[in-house]
Every structure is written in structure tokens, then in C-alpha cells.
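Raw final-v4.csv, CSV, C-alpha atoms:
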chain,number,residue,atom,x,y,z
M,1,MET,CA,94.5,95.7,95.2
M,2,ALA,CA,91.3,95.1,93.4
M,3,SER,CA,89.2,98.2,92.8
M,4,SER,CA,85.8,98.3,94.3
M,5,ILE,CA,82.7,98.4,92.0
M,6,ASN,CA,79.7,100.5,93.0
M,7,ILE,CA,76.6,98.5,92.2
M,8,PRO,CA,73.5,100.7,91.7
M,9,ARG,CA,70.9,99.9,94.3
M,10,GLN,CA,67.2,99.7,93.7
M,11,PRO,CA,65.0,102.2,95.6
M,12,SER,CA,64.0,100.8,99.0
M,13,ASN,CA,60.4,100.1,98.1
M,14,GLN,CA,61.2,98.5,94.9
M,15,ARG,CA,63.9,96.4,96.5
M,16,ASP,CA,61.5,95.2,99.2
M,17,GLU,CA,58.9,94.2,96.6
M,18,THR,CA,61.6,92.3,94.6
M,19,PHE,CA,62.7,90.6,97.8
M,20,ARG,CA,59.1,89.5,98.6
M,21,LYS,CA,58.8,88.2,95.0
M,22,TRP,CA,61.8,85.9,95.3
M,23,LYS,CA,60.8,84.8,98.8
M,24,ALA,CA,57.5,83.5,97.3
M,25,GLU,CA,59.3,81.8,94.4
M,26,SER,CA,59.6,78.0,94.3
M,27,PHE,CA,62.9,76.3,93.5
M,28,PRO,CA,62.5,72.6,93.4
M,29,THR,CA,65.8,70.7,93.8
M,30,GLN,CA,67.0,67.2,94.4
M,31,THR,CA,68.2,67.9,98.0
M,32,PRO,CA,71.2,65.8,99.0
M,33,HIS,CA,71.9,64.7,102.5
M,34,PHE,CA,74.9,67.0,102.7
M,35,TYR,CA,76.8,69.7,100.8
M,36,ASP,CA,79.7,68.4,98.7
M,37,PRO,CA,81.6,71.1,96.8
M,38,LYS,CA,83.2,69.1,94.0
M,39,ASN,CA,83.3,71.9,91.4
M,40,MET,CA,84.3,75.5,91.3
M,41,MET,CA,81.6,78.1,91.8
M,42,ASP,CA,81.0,80.6,89.0
M,43,LYS,CA,82.7,83.9,89.9
M,44,LYS,CA,79.6,85.7,88.8
M,45,LEU,CA,77.4,83.9,91.3
M,46,TYR,CA,80.0,84.5,94.0
M,47,ASN,CA,79.8,88.2,93.4
M,48,TYR,CA,76.1,88.2,93.4
M,49,ALA,CA,76.1,86.6,96.9
M,50,ALA,CA,78.9,88.8,98.2
M,51,GLU,CA,77.3,92.0,97.0
M,52,ASP,CA,73.6,91.2,98.1
M,53,ARG,CA,72.5,91.2,94.4
M,54,PHE,CA,69.7,88.8,95.1
M,55,ASP,CA,67.6,89.8,92.1
M,56,GLU,CA,70.4,88.8,89.7
M,57,LEU,CA,71.3,85.7,91.7
M,58,PHE,CA,67.8,84.2,91.9
M,59,ASP,CA,67.0,85.3,88.3
M,60,HIS,CA,70.0,83.2,87.2
M,61,LEU,CA,68.9,80.3,89.3
M,62,ARG,CA,65.3,80.4,87.9
M,63,ARG,CA,66.6,80.4,84.3
M,64,LEU,CA,68.5,77.1,84.8
M,65,SER,CA,67.3,74.4,82.4
M,66,SER,CA,67.0,71.5,84.8
M,67,MET,CA,66.6,70.5,88.4
M,68,ASP,CA,69.9,68.7,88.3
M,69,GLU,CA,71.7,71.8,87.1
M,70,LEU,CA,70.2,73.9,90.0
M,71,SER,CA,71.1,71.2,92.5
M,72,SER,CA,74.6,71.1,91.2
M,73,ILE,CA,75.1,74.9,91.6
M,74,ILE,CA,73.6,75.0,95.1
M,75,TYR,CA,75.0,71.8,96.6
M,76,SER,CA,78.1,70.8,94.6
M,77,GLN,CA,79.8,74.0,93.7
M,78,GLY,CA,82.0,76.1,96.1
M,79,SER,CA,84.7,78.7,96.3
M,80,PRO,CA,88.4,77.7,96.4
M,81,SER,CA,87.9,77.3,100.1
M,82,GLY,CA,84.8,75.1,99.6
M,83,ASN,CA,82.4,77.9,100.6
M,84,SER,CA,78.8,77.6,99.5
M,85,LEU,CA,76.8,80.6,98.4
M,86,LEU,CA,75.5,80.8,101.9
M,87,HIS,CA,79.0,81.0,103.4
M,88,VAL,CA,79.7,83.8,100.9
M,89,SER,CA,76.7,85.9,101.7
M,90,ALA,CA,76.8,85.4,105.4
M,91,SER,CA,80.5,86.2,105.8
M,92,HIS,CA,80.0,89.4,103.7
M,93,GLY,CA,77.1,90.5,105.9
M,94,MET,CA,74.6,90.2,103.0
M,95,LYS,CA,71.3,89.8,104.8
M,96,ASP,CA,68.9,89.6,101.9
M,97,VAL,CA,70.7,86.9,100.0
M,98,THR,CA,71.3,85.0,103.2
M,99,GLU,CA,67.6,85.0,104.1
M,100,LEU,CA,66.6,83.9,100.6
M,101,LEU,CA,69.1,81.1,100.4
M,102,LEU,CA,67.9,79.8,103.8
M,103,GLN,CA,64.3,80.1,102.6
M,104,HIS,CA,64.8,78.0,99.5
M,105,PHE,CA,67.8,75.8,100.4
M,106,PRO,CA,67.7,75.4,104.2
M,107,ILE,CA,70.1,72.4,104.3
M,108,LEU,CA,72.9,74.9,103.5
M,109,ILE,CA,72.8,76.0,107.1
M,110,THR,CA,74.7,72.8,107.9
M,111,ALA,CA,77.1,73.0,105.0
M,112,LYS,CA,80.8,73.0,105.8
M,113,ASN,CA,83.7,74.3,103.8
M,114,PHE,CA,87.1,72.6,103.5
M,115,HIS,CA,88.0,73.8,107.0
M,116,ASP,CA,84.7,72.4,108.4
M,117,ASP,CA,83.4,76.0,108.9
M,118,THR,CA,79.7,76.5,108.6
M,119,ALA,CA,78.2,79.8,107.4
M,120,LEU,CA,77.7,80.7,111.1
M,121,HIS,CA,81.5,80.2,111.8
M,122,LEU,CA,82.3,82.6,109.0
M,123,ALA,CA,79.7,85.2,109.8
M,124,ALA,CA,80.8,85.2,113.5
M,125,GLY,CA,84.5,85.3,112.7
M,126,ALA,CA,83.9,88.3,110.3
M,127,GLY,CA,81.8,90.2,112.9
M,128,GLN,CA,78.7,90.1,110.8
M,129,LEU,CA,76.0,90.5,113.4
M,130,GLU,CA,73.0,90.8,111.1
M,131,THR,CA,73.7,87.6,109.1
M,132,THR,CA,74.6,85.8,112.4
M,133,LYS,CA,71.1,86.7,113.7
M,134,VAL,CA,69.5,85.5,110.4
M,135,LEU,CA,71.3,82.1,110.6
M,136,ILE,CA,70.4,81.6,114.3
M,137,ASN,CA,66.7,82.7,113.8
M,138,LYS,CA,66.4,80.2,110.9
M,139,ALA,CA,67.9,77.4,113.0
M,140,LYS,CA,65.4,78.2,115.7
M,141,GLY,CA,62.5,77.8,113.3
M,142,HIS,CA,63.8,74.8,111.4
M,143,GLY,CA,63.6,71.3,112.9
M,144,GLU,CA,63.7,70.3,116.5
M,145,ALA,CA,65.1,72.4,119.4
M,146,THR,CA,68.1,70.1,119.6
M,147,ASP,CA,68.9,71.0,116.0
M,148,PHE,CA,69.2,74.7,117.0
M,149,TYR,CA,71.7,73.9,119.7
M,150,ASN,CA,73.6,71.6,117.4
M,151,ILE,CA,74.2,74.5,115.0
M,152,LEU,CA,75.6,76.6,117.8
M,153,GLU,CA,77.8,73.8,119.0
M,154,VAL,CA,79.2,72.7,115.6
M,155,LYS,CA,83.0,72.7,115.5
M,156,ASN,CA,85.4,73.4,112.6
M,157,ASP,CA,88.6,71.5,112.0
M,158,ARG,CA,90.3,73.4,114.8
M,159,GLY,CA,87.5,72.5,117.2
M,160,ASN,CA,86.2,76.0,117.3
M,161,THR,CA,82.6,76.9,117.7
M,162,ALA,CA,81.2,80.1,116.2
M,163,LEU,CA,81.7,81.8,119.6
M,164,HIS,CA,85.4,80.9,119.5
M,165,GLU,CA,85.7,82.6,116.2
M,166,ALA,CA,83.9,85.8,117.4
M,167,VAL,CA,86.0,85.9,120.6
M,168,ILE,CA,89.3,85.3,118.8
M,169,HIS,CA,88.6,88.1,116.3
M,170,ARG,CA,87.3,90.4,119.1
M,171,HIS,CA,83.8,90.8,117.7
M,172,HIS,CA,82.0,91.9,120.9
M,173,ALA,CA,78.4,92.3,119.5
M,174,VAL,CA,78.4,88.9,117.9
M,175,ALA,CA,79.8,87.2,121.0
M,176,ARG,CA,77.2,88.9,123.1
M,177,PHE,CA,74.4,87.7,120.9
M,178,LEU,CA,75.7,84.1,120.7
M,179,VAL,CA,76.1,83.7,124.5
M,180,SER,CA,72.6,85.2,125.0
M,181,GLU,CA,71.4,82.2,123.0
M,182,CYS,CA,73.6,79.6,124.7
M,183,SER,CA,75.8,80.5,127.7
M,184,GLU,CA,77.3,77.0,127.8
M,185,LEU,CA,79.4,78.0,124.8
M,186,CYS,CA,81.6,80.1,127.0
M,187,TYR,CA,83.5,77.1,128.2
M,188,THR,CA,83.3,74.7,125.2
M,189,GLU,CA,86.8,73.7,124.4
M,190,ASN,CA,88.5,73.3,121.0
M,191,LYS,CA,91.1,70.7,120.0
M,192,ASP,CA,93.8,72.6,121.9
M,193,HIS,CA,91.6,72.5,125.0
M,194,GLU,CA,90.9,76.3,124.8
M,195,SER,CA,87.5,77.8,125.6
M,196,PRO,CA,86.2,81.2,124.5
M,197,LEU,CA,86.9,82.3,128.0
M,198,TYR,CA,90.5,81.2,127.6
M,199,HIS,CA,90.8,83.2,124.4
M,200,ALA,CA,89.3,86.3,126.0
M,201,VAL,CA,91.9,86.2,128.7
M,202,GLU,CA,94.7,85.4,126.3
M,203,ASN,CA,93.7,88.4,124.2
M,204,ARG,CA,93.6,90.5,127.4
M,205,ASP,CA,90.2,91.7,126.1
M,206,LYS,CA,88.5,92.9,129.2
M,207,ASP,CA,85.3,93.8,127.4
M,208,MET,CA,85.0,90.4,125.9
M,209,LEU,CA,85.7,88.7,129.2
M,210,SER,CA,83.0,90.8,130.8
M,211,ILE,CA,80.5,89.8,128.1
M,212,LEU,CA,81.2,86.1,128.7
M,213,MET,CA,81.2,86.2,132.5
M,214,ARG,CA,77.9,88.1,132.6
M,215,ALA,CA,76.3,85.4,130.4
M,216,ILE,CA,77.2,82.6,132.8
M,217,PRO,CA,74.3,81.8,135.1
M,218,HIS,CA,74.9,82.9,138.7
M,219,HIS,CA,73.9,79.4,139.9
M,220,ASP,CA,76.7,77.8,137.8
M,221,VAL,CA,79.0,77.1,140.8
M,222,ASP,CA,80.8,74.4,138.8
M,223,LEU,CA,82.3,76.9,136.4
M,224,LEU,CA,85.9,76.1,137.2
M,225,LYS,CA,85.1,72.4,136.9
M,226,ASN,CA,83.8,73.1,133.4
M,227,LEU,CA,87.1,74.6,132.4
M,228,LYS,CA,89.0,71.3,132.1
M,229,GLY,CA,91.5,72.5,129.5
M,230,LYS,CA,94.2,75.1,129.7
M,231,SER,CA,93.7,77.3,132.7
M,232,LEU,CA,92.7,81.0,132.6
M,233,VAL,CA,96.0,81.7,134.4
M,234,HIS,CA,97.9,80.1,131.6
M,235,ALA,CA,95.9,82.2,129.1
M,236,ALA,CA,96.8,85.4,131.0
M,237,VAL,CA,100.5,84.5,130.9
M,238,GLN,CA,100.4,83.8,127.2
M,239,GLY,CA,98.7,87.1,126.6
M,240,ARG,CA,101.3,89.0,128.6
M,241,LYS,CA,104.1,87.2,126.6
M,242,ARG,CA,102.5,88.4,123.4
M,243,GLY,CA,102.2,91.9,124.7
M,244,THR,CA,98.6,92.3,123.6
Would you give me this structure, written as C-alpha cells?
Amino acid sequence: MASSINIPRQPSNQRDETFRKWKAESFPTQTPHFYDPKNMMDKKLYNYAAEDRFDELFDHLRRLSSMDELSSIIYSQGSPSGNSLLHVSASHGMKDVTELLLQHFPILITAKNFHDDTALHLAAGAGQLETTKVLINKAKGHGEATDFYNILEVKNDRGNTALHEAVIHRHHAVARFLVSECSELCYTENKDHESPLYHAVENRDKDMLSILMRAIPHHDVDLLKNLKGKSLVHAAVQGRKRGT
């Protein structure tokens, strides 16, 4: 097991001042139409993103010799799973790095890894409420309203939305936040025709089921019609078989 390293933290006031400095910085890049991780990410940069060491990360980016080099690091380098720096910071719950990456390189919010997960998928699946909120709030303020809902509805290679990931991994606070933004996610199906509601029942997670049911509008009398895939009864049977 790798030993943990204690990174000295700046005093709060100094850290806030440093954060504001990097937020105001300009990082011109040749922005591509999509993220394409062809090369391996520098382990040092991975650690900066995973440990919220934004001062070191952005100082490194500022010192790069060319726009092409900066664009390569941001848009063409990834972890072994194809994760961008934003995937890394969001999945580790690193709020400041996540905010700064979205500030300077907003296209990363749509970046997908080799499993078609966005940073939102990973943040939700890891139970990282703060970075989930940062991603959603950025999506709200960037582009058209339809772009915001598209981010929420993006599916990975299993057909899961971010809500599927939160429900499967039993992250109640994240699920509650996501359905407060878009209740229709409750019955969005994946490739196996399983909705988040299905997974809540299959997991026999009463608290999660309550969160999802409360999010569904009372006037949605067509709820059962929206559940076109595997039935909730089938989910309950599967959960009982697994003994969860």
C-alpha cells in the first residue's frame, strides 16, 4: 500500500489570495473540438490535481514554452484510464483545482475517458458532492440551457448517467443534489434498461429510493410508463437474491 504524503497547506488567507491570482491569469491555448488523450499524463501533474495543489499545477502550466505544449498537456494527455486533469481533480474532491481548470479550460467539462465517463460521472460515482456542485454550476453558466441538461444526461459506455453512478455507489447526498437539478434522470435507462430507480430497489437502499421518489413531480402520473425497461419488481427480486 502506498504511504500517504502530507502536503503542507498554505494559511487560509494566503491560499485564497493565490487562488484569486490564478483565477485572473490568462492561459491562451489552441482549443480543440474535443479531448483526445493520446499521450500519458505526467505523474507530477496528476498528483497536483489529485491533491488540490493548484499553485504548483498552474505555475507549471504558466512556465510552458509554447501554446502547443500547453494545449497538448490539457487536451491530449491523460491517465492510464484516459482521465483528464479535470477528471482527476473532480473525482478526488479537489474543489479549487476543479474550479480553476473549468475557468481556463471549460471544454474539459465535456471530456470523456476511455470508458466514456465525464468528470461528472467520476465525481458522482466517488461521492464528491463539492466538485459535483462545481461542475453543475459551471455547466449552468456556460452556453445554452440545453447544454446544461446535456451534461446531466451524458452516458458512459455502460449507458449510465452521473445519477446512475451515484445511486449504484450509494452516495445519497450527491444523488439528492442531481435529482434536484433534473428529476427526469430518475428513470433514464442505461444499456441494460436499468434506471436509477431500478438500482435503488435492487440495492434495497430505502433512503436512496426515498430521495428519488420525492424528486419526481406529483403530477407525473405517467411514471410507470416512463419505466420501460426492467421492472422495479425484478430489481427487488435481484436484490433479495444478492442478500443486500
Please report as JSON lines every residue of range 28-69 of chain M lying within 8 Å of range 87-98 of chain M, along with the nearest atom pair and their distance in Å (one decimal), using all atoms listed in the file.
{"residue": "M:Tyr46", "atom": "CA", "partner": "M:Val88", "partner_atom": "CA", "distance": 6.9}
{"residue": "M:Ala49", "atom": "CA", "partner": "M:Ser89", "partner_atom": "CA", "distance": 4.9}
{"residue": "M:Ala50", "atom": "CA", "partner": "M:Ser89", "partner_atom": "CA", "distance": 5.0}
{"residue": "M:Glu51", "atom": "CA", "partner": "M:Met94", "partner_atom": "CA", "distance": 6.8}
{"residue": "M:Asp52", "atom": "CA", "partner": "M:Met94", "partner_atom": "CA", "distance": 5.1}
{"residue": "M:Arg53", "atom": "CA", "partner": "M:Val97", "partner_atom": "CA", "distance": 7.3}
{"residue": "M:Phe54", "atom": "CA", "partner": "M:Val97", "partner_atom": "CA", "distance": 5.3}
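The shortest atom-to-atom distance to Ile216 in chain M, with all atoms listed in the file taken into account, belongs to M:Leu185 out of M:Leu163, M:Ala200, M:Leu185, M:Leu57.
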**Message:** Just checking: using all atoms listed in the file, which residue out of M:Val154, M:Met213, M:Val174, M:Met208 ends up closest to Thr188 in chain M?
**Reply:** M:Val154
**Fill in**
With distances taken over all atoms listed in the file, the candidate from M:Ala124, M:Leu129, M:Cys182, M:Leu197 nearest Ala162 in chain M is M:Ala124
**Prompt:** Using only C-alpha atoms, which of M:Gln77, M:Gln14, M:Ser195, M:Ser84 sits nearest Lys112 in chain M?
**Reply:** M:Ser84
**Item:** Spatial neighbours of range 28-38 of chain M, 10 Å, only C-alpha atoms, chain gap at least 4 places, as a VMD selection string
**Value:** chain M and resid 62 66 to 84 104 to 114
